[in-house]
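Structure record follows, encoded as structure tokens.
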Amino acid sequence: MPDVKLVGLKKSYGDIKAADGLDLEVKDGEYLCVLGPTGAGKTTLLRMISGLLVPDEGQIFFDGQDFTRMEIEERKAALLSQTYALFPQLTVEENIMFGLDIRGADEKLKEQVLISMLDLVRLSGRSDAYPRELSGGMQQRTALARALASGADLLLLDEPLRALDARLRISLRIELRSLVKTLKMTAIHVTHDQDEALVMADRVAVIREGRILQIGTPKEVWDEPATPFVANFVGQSNFFTGEVLQSSPFTLIRTPEGTVLKGRPSELVTGTTAVLGVKIGNTDISKDRKGYLKAKVERIIFEGRNLHVDLMMDNGQRISSKVPSWRKGKIAPGDVVDVYWEESKGTVFPMPPNGLENELKVE
Amino acid sequence: MVEVRLEGVGKRYGSVVAVDKVDLTVADKEYVTVLGPSGCGKTTLIRMIAGIIEPTDGKVFIDGKDMTGVPIEDRDIGYVFQNIALFPHLTVENNVSYGPRARDLPPEEQVRVSRRFLEMVKLLDKMGMLPGELCGGEQQKVSLARALSSGSKLLLLDEPLSALDSRVRVDLRYELRRLAKELGLTTIHVTHDQEEAQSVSDRIVLMRAGTVVETGTPEELYTHPKKIFTANFIGETNLLEGWVLEIKDGVSVIELRNGGKVKVNQSNHPVGDAVVISVRPEFVFLADEGMRAKVTAITYMGTYWRITANTEDEEEVAFDSVTYDENLLTIGREVYLAVNPKAAVLYPRPEDGVQEAIKLE
Amino acid sequence: MDSLIKAISRKRFRTGWTAFIIAFFLFFVILPTVYILSYAFTNWGSIEQYVLNDPAMLDLIIDAILASFQIAAIVTVIDILVGLPMAWMLVRKQFRGKALLDTLIDMPLAVPTAALGFSSAIFFAVTPESLAAPAFALNMVTSPFLLIVLLHVVFSYPYMVRSLSAILVQIDQTYETAGRTLGASALSAARTITLPLFRAGLVTGIILCFARSLSETGGTMIALATMANSGGFATGPTLIGDWKHDLGINPDLAAPLAFVSILLIVLSLILLVVIKLVIMKVHLPMGRIWPRPEKLFSRGWFPKTKDGLAVFFLVVFVLIPSFFIFTYVGSVESSSFDWGPFAESLMFSFLVAGVVTVIDIALGVPLALYIAKNRTGKLSEVLDVLVNVPLIVPTAALGYSLGVFWTGQNIIPTYDVLLIILAHVAFTYPLVVRNVAGAVEEVDPAFEETARTLGAKPVQAFRRVLYPIIKSSILAGAIMAFTRSLGETGATQAVVASAQTAPVYIVNLIKLQTSSGYYTAGLACIVLIIVSFMFMLALRYITNRRAH
């Protein structure tokens, strides 16, 4: 059950930098999610770890040993791809046993593993079926069982839930994580879905344009984002630009309209331009309490447990807020409300060099 | 005035029934989402409205006219495909102007129309590029502009966001609704994503295995779903089995299979009936008495904590807490859970069991 | 076993094996095919003397080559016009009897061109006295040019339809549907959206048809010998065939032979490049749409008539000529048939075809794998282009060139049968490589990649994962190679004039122009057809199973 260390990995295709100096450490037995938009380099990362791709620069260590140029089949890192790649000419049973077959395990062991694996993924009655006869969810579970049964120590998951219906994804997330934990494997799970990462991961690594922007627990990445991009990609955030007045015990910035906004302490230099980001779920609105600024309710969308409220500020900027649904009767489009947040929930960043819009762009 | 009416519309392939005689009316300018798991027939349904597939039963009426035998090109619709389907050999502008060109409008008119809609989706600056040079979200916006430029007042969206990253989806779905409302379109939007359905719809039509399970506004289906399948499919919920113990003043006391007792503000099931309670995680809370359960997981969801606990007979209950005290709530800890009686909904216990009733595939 | 797998998995072995495969391809297939081009440099004097300074000879050569190219061009155009509606029907439409139609289209491939030549000639042409034509024969054609065009259409038609179908299948129909939701009629959508996406398939179809027609020897010779008055009409390949036959008596023919071969090779290679450039780069007008007329043509009787005509053409101009030989044999009084020599020639053909197929598979599949898996490599790109060369070059020219190559060197003894085998390998090898490479490219690389991460070495991943998936394509390629070799005449005669494979045997019988000769040839054709047909059925059975 290895711990994995990536040092300065680089990979380019012509002008495109799929990996631009990747540094990452995954602990033994950890479930790590690598979260980022399409094209960020997530798949490149997995392929380099598995050996399917050789990096231009950098090193990969498994348990302290340099595996950068090790043969694929020697790495014991099973890859579960988006399309599952179930071998079409083999039955469910033969697919699952593939890894053990290759290693020449004896019949008794294979029998044992097969039974317990089929039971674990709830496919005990379908061992003779062919992949094309199975539903999407069943195919995914078969592919997972195949990877888990292969004798690998490290599980590499490339957007394993992407091809499934939204509702199915939610139920399979928990199942997937608990299976991996039961078998005490190390898992690196790559995804673009932030909900998925937050629910499944011990730690989340946010990746963009071939570089890791932040690694931390779901709570850290959510509450203490390292860059505006992370603040907006993991959950949605409102952003306010202003000039730094002080950086501790709270950070204060003054907007062009003269409003003073409060955020977490930081290390910003007084006088520089900064951006304050606060999650829309932490942006509260009220008619009773005084806030940092006022805004007019434009639209309220019912989203089940929450209401998504779109507001327009006096200066024309649009912001959003998520409040619990039971507040539905208390606000209506056209109302003018106060907007506020807890200081610890606001993070202030230096103004990104390419401007805020470019920083937040997802594609 | 574009109203869409389906009367007994069905589609059979040999012995397989893809759509089982559906009746549906979509009012003028209404935004309706057809929601359901894969294989429920929603895509077949929208294709029959478009004329891509001919129904084996029933009739489709668009704007009061019977569409039986009417070819696709004569139905005056705008259609957005799941796999985007932008013509790969034409520029963005020529893609969007295809509709006007198909009707042989004068060239100046073609240009005017296509630019107007490209402007609306804010992609005018990309008009000379080929589809392959754009990213997913941009391609889908162009596809939308193309569908709109045919000038139709009926917009059909076939899983328009399914192929996109989840972050992109969130931004784009508000755009879809905004444009549809701004242009006064009657919209039928097909999806498997219930979050998406909730954010965009005036009304949701929930389908399963070829039939309509239930229709209603997003709020109706969330707070007072009439079927267990709906309660489970839209949003998350806890489904607890039990019997009606007693009824007093319109409040039923339910004895749960897991041993606890729970009050529900409904009295439509007589004492002794086997029932299922649906209660959403945000309406379950820690109490001094009620269901006994052991905490199995604590997950941070951003603005709240999701705690799952197992009851005595292995039923899993999920509840939310905005804060949690690390000393009081740890994994393995035994807690008592109560339920908000106003928010819980009672259903008769399904004959084949709860799992069958909510099964997705 | 484990140690064997370990040994062949080592990088050095893999590189060595790849080098060997590529070397075989270059030295045994490509080099002999184009070797004759060097004659232009080494023996320019002979060419000058026997060809350029001999106006009658020069005229003869130019006329023949011109005829070959003209025929090929006309045939290709006809094939496009009638093949496109047929391909469209097969791919896009559902109707009863579609499976039958699908099988019928492949029929001419099951008939060796020698038999096709005889069969078509009896059906279409005015025949000499000694050949009593059966009832229902059209017996109208007197121009050899026209007869050859009709004959070539018969066997090139399936190539065109299959190439067009293959590409049409890959073009997502959603594009056309999208066009229709935007208000375009079916015809407008097909014309402005699908056809422009079609070019790659069109290029392949045109090249294959053109090349097939250029190459054709056996059937052409037989057709010319069967009709009443062919008056010395010749195509490039028939010229090569006839002259190689006479080369023993008249060694002065060496230079003209070389000249014809060189011309054919150079011109067909130029054509390959030109066609690719023209079709892919030509800028089609932006597809203005005329809604009303195009809507009219999209509905009602017009599409049905178009389809009906396509089927009519298939039946009258392709199927009937292919099988007319059966009525001939049935209607004529039987004379004695000495099975001996025919059986011998048949055995010989089988032997050659069998050995050739085995070589093709053993050495072609690895090359196909290399090309398919190294798509981005420069070497693989070059190889991919080179693989098409023996397909384009007319087999008669290829045969002559190859013969000159091997007889000119002293390393390997040049037994006749060996030469024939090598010649047949040259033009069947690309069939296997293209078929298998195409199949491998369609397979998701994720399969083998996943197998590798599960612990499989490259050889194990191939054997357990890729091979089962492409097995039927390999078999299909083998059967294609086998039947192609079985039916070949031009290359056989060009490399060893006295060889007696079954098709050559039939050609010689017909050239006798006696009624017993015709009858015997007819019987022989039928036997040949039945044998090829059985293999064809096997091919369909296997590929249909794969589809499930």
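Each chain in the structure tokens gets a letter, A, B and so on, in the order shown; residues start at 1 in every chain, and ligands are counted from 1 in the order they appear.
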
>> Distance cut-off 9 Å, counting only C-alpha atoms - which residues of chain A neighbour chain C? Return them as a VMD selection string.
In response: chain A and resid 50 to 52 71 to 81 83 to 90 98 to 100 102 to 103 146 to 147 150 to 152

Should the cut-off be 8 Å, what would the residue list for chain A against chain B look like, counting only C-alpha atoms, as a PDB file with N, CA, C and O atoms, in the first residue's frame?
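And here is the file that came out, iface_6.pdb:
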```pdb
ATOM      1  N   PRO A  37     -10.880  21.426 -13.896  1.00  0.00           N
ATOM      2  CA  PRO A  37     -11.698  21.459 -15.113  1.00  0.00           C
ATOM      3  C   PRO A  37     -11.096  20.571 -16.210  1.00  0.00           C
ATOM      4  O   PRO A  37      -9.956  20.133 -16.094  1.00  0.00           O
ATOM      5  N   THR A  38     -11.877  20.321 -17.258  1.00  0.00           N
ATOM      6  CA  THR A  38     -11.373  19.547 -18.387  1.00  0.00           C
ATOM      7  C   THR A  38     -10.173  20.263 -18.987  1.00  0.00           C
ATOM      8  O   THR A  38     -10.197  21.463 -19.179  1.00  0.00           O
ATOM      9  N   SER A 135     -26.032  -3.058 -17.200  1.00  0.00           N
ATOM     10  CA  SER A 135     -26.366  -1.635 -17.178  1.00  0.00           C
ATOM     11  C   SER A 135     -25.117  -0.821 -16.840  1.00  0.00           C
ATOM     12  O   SER A 135     -24.097  -1.376 -16.437  1.00  0.00           O
ATOM     13  N   ASP A 165     -25.741   8.378 -14.668  1.00  0.00           N
ATOM     14  CA  ASP A 165     -26.785   9.340 -14.337  1.00  0.00           C
ATOM     15  C   ASP A 165     -26.471  10.047 -13.022  1.00  0.00           C
ATOM     16  O   ASP A 165     -25.896   9.455 -12.125  1.00  0.00           O
ATOM     17  N   ALA A 166     -26.953  11.277 -12.913  1.00  0.00           N
ATOM     18  CA  ALA A 166     -26.686  12.070 -11.716  1.00  0.00           C
ATOM     19  C   ALA A 166     -27.103  11.355 -10.439  1.00  0.00           C
ATOM     20  O   ALA A 166     -26.370  11.304  -9.460  1.00  0.00           O
ATOM     21  N   ARG A 167     -28.288  10.788 -10.461  1.00  0.00           N
ATOM     22  CA  ARG A 167     -28.825  10.168  -9.256  1.00  0.00           C
ATOM     23  C   ARG A 167     -27.992   8.952  -8.851  1.00  0.00           C
ATOM     24  O   ARG A 167     -27.726   8.716  -7.677  1.00  0.00           O
ATOM     25  N   LEU A 168     -27.574   8.187  -9.850  1.00  0.00           N
ATOM     26  CA  LEU A 168     -26.786   6.989  -9.605  1.00  0.00           C
ATOM     27  C   LEU A 168     -25.421   7.363  -9.051  1.00  0.00           C
ATOM     28  O   LEU A 168     -24.882   6.696  -8.165  1.00  0.00           O
ATOM     29  N   HIS A 192     -13.951  16.239 -12.255  1.00  0.00           N
ATOM     30  CA  HIS A 192     -14.242  17.650 -12.478  1.00  0.00           C
ATOM     31  C   HIS A 192     -15.387  18.088 -11.567  1.00  0.00           C
ATOM     32  O   HIS A 192     -15.756  19.259 -11.519  1.00  0.00           O
ATOM     33  N   ASP A 193     -15.962  17.110 -10.846  1.00  0.00           N
ATOM     34  CA  ASP A 193     -17.170  17.360 -10.067  1.00  0.00           C
ATOM     35  C   ASP A 193     -16.801  17.662  -8.617  1.00  0.00           C
ATOM     36  O   ASP A 193     -16.351  16.783  -7.877  1.00  0.00           O
ATOM     37  N   GLN A 194     -17.040  18.900  -8.230  1.00  0.00           N
ATOM     38  CA  GLN A 194     -16.596  19.306  -6.902  1.00  0.00           C
ATOM     39  C   GLN A 194     -17.377  18.624  -5.785  1.00  0.00           C
ATOM     40  O   GLN A 194     -16.813  18.286  -4.746  1.00  0.00           O
ATOM     41  N   LEU A 198     -15.567  16.573  -2.668  1.00  0.00           N
ATOM     42  CA  LEU A 198     -15.762  16.934  -1.269  1.00  0.00           C
ATOM     43  C   LEU A 198     -16.279  15.770  -0.446  1.00  0.00           C
ATOM     44  O   LEU A 198     -15.894  15.574   0.700  1.00  0.00           O
ATOM     45  N   VAL A 199     -17.167  14.973  -1.045  1.00  0.00           N
ATOM     46  CA  VAL A 199     -17.774  13.883  -0.296  1.00  0.00           C
ATOM     47  C   VAL A 199     -16.839  12.696  -0.158  1.00  0.00           C
ATOM     48  O   VAL A 199     -16.833  12.013   0.857  1.00  0.00           O
ATOM     49  N   PRO A 218     -11.158  18.502   2.514  1.00  0.00           N
ATOM     50  CA  PRO A 218     -12.290  19.199   1.889  1.00  0.00           C
ATOM     51  C   PRO A 218     -12.623  20.492   2.620  1.00  0.00           C
ATOM     52  O   PRO A 218     -12.887  21.519   1.988  1.00  0.00           O
ATOM     53  N   LYS A 219     -12.566  20.454   3.931  1.00  0.00           N
ATOM     54  CA  LYS A 219     -12.912  21.655   4.677  1.00  0.00           C
ATOM     55  C   LYS A 219     -11.917  22.779   4.406  1.00  0.00           C
ATOM     56  O   LYS A 219     -12.288  23.940   4.225  1.00  0.00           O
ATOM     57  N   TRP A 222     -12.383  24.251   0.991  1.00  0.00           N
ATOM     58  CA  TRP A 222     -13.639  25.007   0.916  1.00  0.00           C
ATOM     59  C   TRP A 222     -13.529  26.327   1.676  1.00  0.00           C
ATOM     60  O   TRP A 222     -13.863  27.386   1.162  1.00  0.00           O
ATOM     61  N   ASP A 223     -13.070  26.254   2.929  1.00  0.00           N
ATOM     62  CA  ASP A 223     -13.085  27.441   3.774  1.00  0.00           C
ATOM     63  C   ASP A 223     -11.851  28.327   3.616  1.00  0.00           C
ATOM     64  O   ASP A 223     -11.904  29.512   3.903  1.00  0.00           O
ATOM     65  N   PHE A 233     -14.119  27.664  -7.998  1.00  0.00           N
ATOM     66  CA  PHE A 233     -14.307  26.358  -8.610  1.00  0.00           C
ATOM     67  C   PHE A 233     -14.887  25.362  -7.617  1.00  0.00           C
ATOM     68  O   PHE A 233     -15.725  24.533  -7.951  1.00  0.00           O
ATOM     69  N   GLY A 235     -17.299  25.112  -5.037  1.00  0.00           N
ATOM     70  CA  GLY A 235     -18.397  25.982  -4.614  1.00  0.00           C
ATOM     71  C   GLY A 235     -18.331  27.266  -5.416  1.00  0.00           C
ATOM     72  O   GLY A 235     -17.357  27.533  -6.095  1.00  0.00           O
ATOM     73  N   GLY A 281     -22.861  30.383  -0.411  1.00  0.00           N
ATOM     74  CA  GLY A 281     -23.562  29.744   0.701  1.00  0.00           C
ATOM     75  C   GLY A 281     -23.280  30.445   2.021  1.00  0.00           C
ATOM     76  O   GLY A 281     -24.030  30.300   2.987  1.00  0.00           O
ATOM     77  N   ASN A 282     -22.193  31.184   2.063  1.00  0.00           N
ATOM     78  CA  ASN A 282     -21.873  31.927   3.278  1.00  0.00           C
ATOM     79  C   ASN A 282     -22.280  33.393   3.188  1.00  0.00           C
ATOM     80  O   ASN A 282     -22.097  34.150   4.139  1.00  0.00           O
ATOM     81  N   ILE A 301     -34.540  31.216  -7.113  1.00  0.00           N
ATOM     82  CA  ILE A 301     -34.752  29.902  -7.715  1.00  0.00           C
ATOM     83  C   ILE A 301     -34.796  28.859  -6.608  1.00  0.00           C
ATOM     84  O   ILE A 301     -33.898  28.760  -5.783  1.00  0.00           O
ATOM     85  N   PHE A 302     -35.871  28.062  -6.623  1.00  0.00           N
ATOM     86  CA  PHE A 302     -36.027  27.009  -5.625  1.00  0.00           C
ATOM     87  C   PHE A 302     -35.136  25.837  -6.013  1.00  0.00           C
ATOM     88  O   PHE A 302     -35.248  25.287  -7.098  1.00  0.00           O
ATOM     89  N   GLU A 303     -34.217  25.427  -5.126  1.00  0.00           N
ATOM     90  CA  GLU A 303     -33.335  24.312  -5.474  1.00  0.00           C
ATOM     91  C   GLU A 303     -33.416  23.208  -4.434  1.00  0.00           C
ATOM     92  O   GLU A 303     -32.419  22.566  -4.122  1.00  0.00           O
ATOM     93  N   GLY A 304     -34.588  22.986  -3.870  1.00  0.00           N
ATOM     94  CA  GLY A 304     -34.726  21.900  -2.911  1.00  0.00           C
ATOM     95  C   GLY A 304     -34.447  22.383  -1.507  1.00  0.00           C
ATOM     96  O   GLY A 304     -35.226  23.122  -0.919  1.00  0.00           O
ATOM     97  N   ARG A 305     -33.291  22.011  -0.980  1.00  0.00           N
ATOM     98  CA  ARG A 305     -33.016  22.424   0.390  1.00  0.00           C
ATOM     99  C   ARG A 305     -32.610  23.886   0.461  1.00  0.00           C
ATOM    100  O   ARG A 305     -32.644  24.505   1.513  1.00  0.00           O
ATOM    101  N   VAL A 362     -13.206  28.953 -16.369  1.00  0.00           N
ATOM    102  CA  VAL A 362     -13.121  27.522 -16.119  1.00  0.00           C
ATOM    103  C   VAL A 362     -12.664  26.748 -17.339  1.00  0.00           C
ATOM    104  O   VAL A 362     -12.055  25.692 -17.243  1.00  0.00           O
ATOM    105  N   GLU A 363     -12.960  27.248 -18.546  1.00  0.00           N
ATOM    106  CA  GLU A 363     -12.592  26.468 -19.733  1.00  0.00           C
ATOM    107  C   GLU A 363     -11.525  27.196 -20.521  1.00  0.00           C
ATOM    108  O   GLU A 363     -11.673  28.385 -20.766  1.00  0.00           O
TER     109      GLU A 363
END
```

>> If we count only C-alpha atoms and set the cut-off at 10 Å, which residues sit around segment 7-18 of chain B, ignoring sequence neighbours fewer than 3 positions away in its own chain? Please answer as a ChimeraX atom specification.
In response: /B:21-25,39-45,48-49,53-61,209-211

Saved selection, atoms kept: N, CA and C atoms, as a CSV table (one decimal), in the first residue's frame:
```csv
chain,number,residue,atom,x,y,z
B,21,LYS,N,-47.9,5.4,-23.7
B,21,LYS,CA,-49.1,6.2,-23.8
B,21,LYS,C,-49.1,7.4,-22.8
B,22,VAL,N,-48.3,8.4,-23.2
B,22,VAL,CA,-48.2,9.6,-22.3
B,22,VAL,C,-49.1,10.7,-22.7
B,23,ASP,N,-49.8,11.3,-21.8
B,23,ASP,CA,-50.5,12.5,-22.0
B,23,ASP,C,-49.8,13.7,-21.3
B,24,LEU,N,-49.6,14.7,-22.1
B,24,LEU,CA,-48.9,15.8,-21.6
B,24,LEU,C,-49.3,17.1,-22.3
B,25,THR,N,-49.4,18.2,-21.5
B,25,THR,CA,-49.6,19.5,-22.2
B,25,THR,C,-48.6,20.5,-21.7
B,39,GLY,N,-33.1,5.5,-19.8
B,39,GLY,CA,-34.0,4.4,-20.2
B,39,GLY,C,-35.4,4.6,-19.8
B,40,CYS,N,-35.7,5.8,-19.3
B,40,CYS,CA,-37.1,6.0,-18.9
B,40,CYS,C,-38.0,6.5,-20.0
B,41,GLY,N,-37.4,6.8,-21.2
B,41,GLY,CA,-38.2,7.1,-22.3
B,41,GLY,C,-38.2,8.6,-22.6
B,42,LYS,N,-37.5,9.4,-21.8
B,42,LYS,CA,-37.6,10.9,-22.0
B,42,LYS,C,-37.0,11.3,-23.4
B,43,THR,N,-35.9,10.7,-23.8
B,43,THR,CA,-35.3,11.1,-25.1
B,43,THR,C,-36.2,10.7,-26.2
B,44,THR,N,-36.8,9.4,-26.1
B,44,THR,CA,-37.7,9.0,-27.1
B,44,THR,C,-38.9,10.0,-27.2
B,45,LEU,N,-39.3,10.4,-26.1
B,45,LEU,CA,-40.5,11.3,-26.1
B,45,LEU,C,-40.2,12.6,-26.8
B,48,MET,N,-40.0,12.2,-30.5
B,48,MET,CA,-41.3,12.1,-31.2
B,48,MET,C,-41.9,13.5,-31.3
B,49,ILE,N,-41.7,14.4,-30.4
B,49,ILE,CA,-42.2,15.7,-30.6
B,49,ILE,C,-41.5,16.4,-31.7
B,53,ILE,N,-38.5,10.6,-34.5
B,53,ILE,CA,-39.1,9.3,-34.4
B,53,ILE,C,-40.6,9.4,-34.5
B,54,GLU,N,-41.3,8.5,-35.2
B,54,GLU,CA,-42.7,8.5,-35.4
B,54,GLU,C,-43.3,7.7,-34.3
B,55,PRO,N,-44.3,8.2,-33.6
B,55,PRO,CA,-45.0,7.4,-32.5
B,55,PRO,C,-45.7,6.2,-33.1
B,56,THR,N,-45.8,5.1,-32.3
B,56,THR,CA,-46.6,4.0,-32.7
B,56,THR,C,-48.0,4.1,-32.2
B,57,ASP,N,-48.2,4.9,-31.1
B,57,ASP,CA,-49.5,5.2,-30.6
B,57,ASP,C,-49.7,6.7,-30.5
B,58,GLY,N,-50.9,7.2,-30.5
B,58,GLY,CA,-51.2,8.6,-30.1
B,58,GLY,C,-50.8,9.6,-31.1
B,59,LYS,N,-51.0,10.9,-30.7
B,59,LYS,CA,-50.8,12.0,-31.6
B,59,LYS,C,-50.0,13.1,-30.9
B,60,VAL,N,-49.2,13.8,-31.6
B,60,VAL,CA,-48.5,15.0,-31.1
B,60,VAL,C,-49.1,16.2,-31.8
B,61,PHE,N,-49.5,17.2,-30.9
B,61,PHE,CA,-50.0,18.4,-31.5
B,61,PHE,C,-49.1,19.6,-31.1
B,209,ALA,N,-39.4,4.2,-16.6
B,209,ALA,CA,-39.9,3.1,-17.4
B,209,ALA,C,-41.0,3.4,-18.3
B,210,GLY,N,-40.9,4.5,-19.0
B,210,GLY,CA,-41.8,4.8,-20.1
B,210,GLY,C,-43.1,5.5,-19.7
B,211,THR,N,-43.3,5.7,-18.4
B,211,THR,CA,-44.6,6.4,-18.0
B,211,THR,C,-44.2,7.6,-17.2
```

>> What are the residues of chain B lining chain C at 8 Å or less? Count only C-alpha atoms, and put the answer as a list in words.
In response: Ala50, Ile52, Ile72, Glu73, Asp74, Arg75, Asp76, Ile77, Gly78, Tyr79, Phe81, Ala85, Leu86, Phe87, His89, Tyr98, Gly99, Arg101, Ala102, Arg103, Asp104, Ala147 and Ser150 of chain B

Those same residues, written as a PDB file, in the first residue's frame with N, CA and C atoms?
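File produced: again_32.pdb:
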```
ATOM      1  N   ALA B  50     -40.246  16.137 -31.888  1.00  0.00           N
ATOM      2  CA  ALA B  50     -39.497  16.765 -32.976  1.00  0.00           C
ATOM      3  C   ALA B  50     -39.766  16.129 -34.326  1.00  0.00           C
ATOM      4  N   ILE B  52     -38.330  13.221 -35.163  1.00  0.00           N
ATOM      5  CA  ILE B  52     -37.193  12.361 -35.496  1.00  0.00           C
ATOM      6  C   ILE B  52     -37.612  10.898 -35.414  1.00  0.00           C
ATOM      7  N   ILE B  72     -39.734  16.413 -40.097  1.00  0.00           N
ATOM      8  CA  ILE B  72     -39.034  17.264 -39.134  1.00  0.00           C
ATOM      9  C   ILE B  72     -38.955  18.711 -39.608  1.00  0.00           C
ATOM     10  N   GLU B  73     -38.539  18.885 -40.873  1.00  0.00           N
ATOM     11  CA  GLU B  73     -38.252  20.239 -41.347  1.00  0.00           C
ATOM     12  C   GLU B  73     -39.484  21.125 -41.444  1.00  0.00           C
ATOM     13  N   ASP B  74     -40.671  20.516 -41.360  1.00  0.00           N
ATOM     14  CA  ASP B  74     -41.867  21.340 -41.454  1.00  0.00           C
ATOM     15  C   ASP B  74     -42.478  21.650 -40.096  1.00  0.00           C
ATOM     16  N   ARG B  75     -41.824  21.232 -39.011  1.00  0.00           N
ATOM     17  CA  ARG B  75     -42.459  21.407 -37.703  1.00  0.00           C
ATOM     18  C   ARG B  75     -42.118  22.713 -37.012  1.00  0.00           C
ATOM     19  N   ASP B  76     -41.161  23.462 -37.537  1.00  0.00           N
ATOM     20  CA  ASP B  76     -40.803  24.760 -36.939  1.00  0.00           C
ATOM     21  C   ASP B  76     -40.379  24.616 -35.477  1.00  0.00           C
ATOM     22  N   ILE B  77     -39.274  23.915 -35.264  1.00  0.00           N
ATOM     23  CA  ILE B  77     -38.763  23.726 -33.910  1.00  0.00           C
ATOM     24  C   ILE B  77     -37.301  24.146 -33.847  1.00  0.00           C
ATOM     25  N   GLY B  78     -36.831  24.375 -32.631  1.00  0.00           N
ATOM     26  CA  GLY B  78     -35.398  24.542 -32.416  1.00  0.00           C
ATOM     27  C   GLY B  78     -34.968  23.367 -31.555  1.00  0.00           C
ATOM     28  N   TYR B  79     -33.887  22.678 -31.935  1.00  0.00           N
ATOM     29  CA  TYR B  79     -33.513  21.452 -31.211  1.00  0.00           C
ATOM     30  C   TYR B  79     -32.042  21.519 -30.846  1.00  0.00           C
ATOM     31  N   PHE B  81     -28.943  19.247 -29.325  1.00  0.00           N
ATOM     32  CA  PHE B  81     -28.603  17.841 -29.130  1.00  0.00           C
ATOM     33  C   PHE B  81     -27.644  17.640 -27.969  1.00  0.00           C
ATOM     34  N   ALA B  85     -23.456  18.362 -31.879  1.00  0.00           N
ATOM     35  CA  ALA B  85     -23.765  18.244 -33.302  1.00  0.00           C
ATOM     36  C   ALA B  85     -23.575  19.530 -34.097  1.00  0.00           C
ATOM     37  N   LEU B  86     -22.555  20.302 -33.791  1.00  0.00           N
ATOM     38  CA  LEU B  86     -22.234  21.439 -34.660  1.00  0.00           C
ATOM     39  C   LEU B  86     -21.578  20.901 -35.917  1.00  0.00           C
ATOM     40  N   PHE B  87     -21.917  21.447 -37.080  1.00  0.00           N
ATOM     41  CA  PHE B  87     -21.363  20.953 -38.336  1.00  0.00           C
ATOM     42  C   PHE B  87     -19.864  21.240 -38.343  1.00  0.00           C
ATOM     43  N   HIS B  89     -17.467  21.122 -40.409  1.00  0.00           N
ATOM     44  CA  HIS B  89     -16.762  21.742 -41.523  1.00  0.00           C
ATOM     45  C   HIS B  89     -17.182  23.194 -41.736  1.00  0.00           C
ATOM     46  N   TYR B  98     -27.266  28.515 -40.565  1.00  0.00           N
ATOM     47  CA  TYR B  98     -27.794  27.408 -41.365  1.00  0.00           C
ATOM     48  C   TYR B  98     -29.309  27.443 -41.464  1.00  0.00           C
ATOM     49  N   GLY B  99     -29.958  27.752 -40.337  1.00  0.00           N
ATOM     50  CA  GLY B  99     -31.416  27.788 -40.334  1.00  0.00           C
ATOM     51  C   GLY B  99     -31.967  28.785 -41.343  1.00  0.00           C
ATOM     52  N   ARG B 101     -30.455  29.965 -43.823  1.00  0.00           N
ATOM     53  CA  ARG B 101     -30.067  29.568 -45.169  1.00  0.00           C
ATOM     54  C   ARG B 101     -30.982  28.473 -45.703  1.00  0.00           C
ATOM     55  N   ALA B 102     -31.418  27.594 -44.774  1.00  0.00           N
ATOM     56  CA  ALA B 102     -32.294  26.500 -45.205  1.00  0.00           C
ATOM     57  C   ALA B 102     -33.633  27.015 -45.690  1.00  0.00           C
ATOM     58  N   ARG B 103     -34.004  28.191 -45.189  1.00  0.00           N
ATOM     59  CA  ARG B 103     -35.258  28.775 -45.663  1.00  0.00           C
ATOM     60  C   ARG B 103     -35.009  29.767 -46.801  1.00  0.00           C
ATOM     61  N   ASP B 104     -33.773  29.773 -47.288  1.00  0.00           N
ATOM     62  CA  ASP B 104     -33.404  30.604 -48.425  1.00  0.00           C
ATOM     63  C   ASP B 104     -33.707  32.078 -48.195  1.00  0.00           C
ATOM     64  N   ALA B 147     -29.952  26.869 -32.828  1.00  0.00           N
ATOM     65  CA  ALA B 147     -31.337  26.412 -32.716  1.00  0.00           C
ATOM     66  C   ALA B 147     -32.285  27.604 -32.657  1.00  0.00           C
ATOM     67  N   SER B 150     -33.349  29.726 -36.000  1.00  0.00           N
ATOM     68  CA  SER B 150     -34.360  29.300 -36.965  1.00  0.00           C
ATOM     69  C   SER B 150     -35.658  30.049 -36.712  1.00  0.00           C
TER      70      SER B 150
END
```
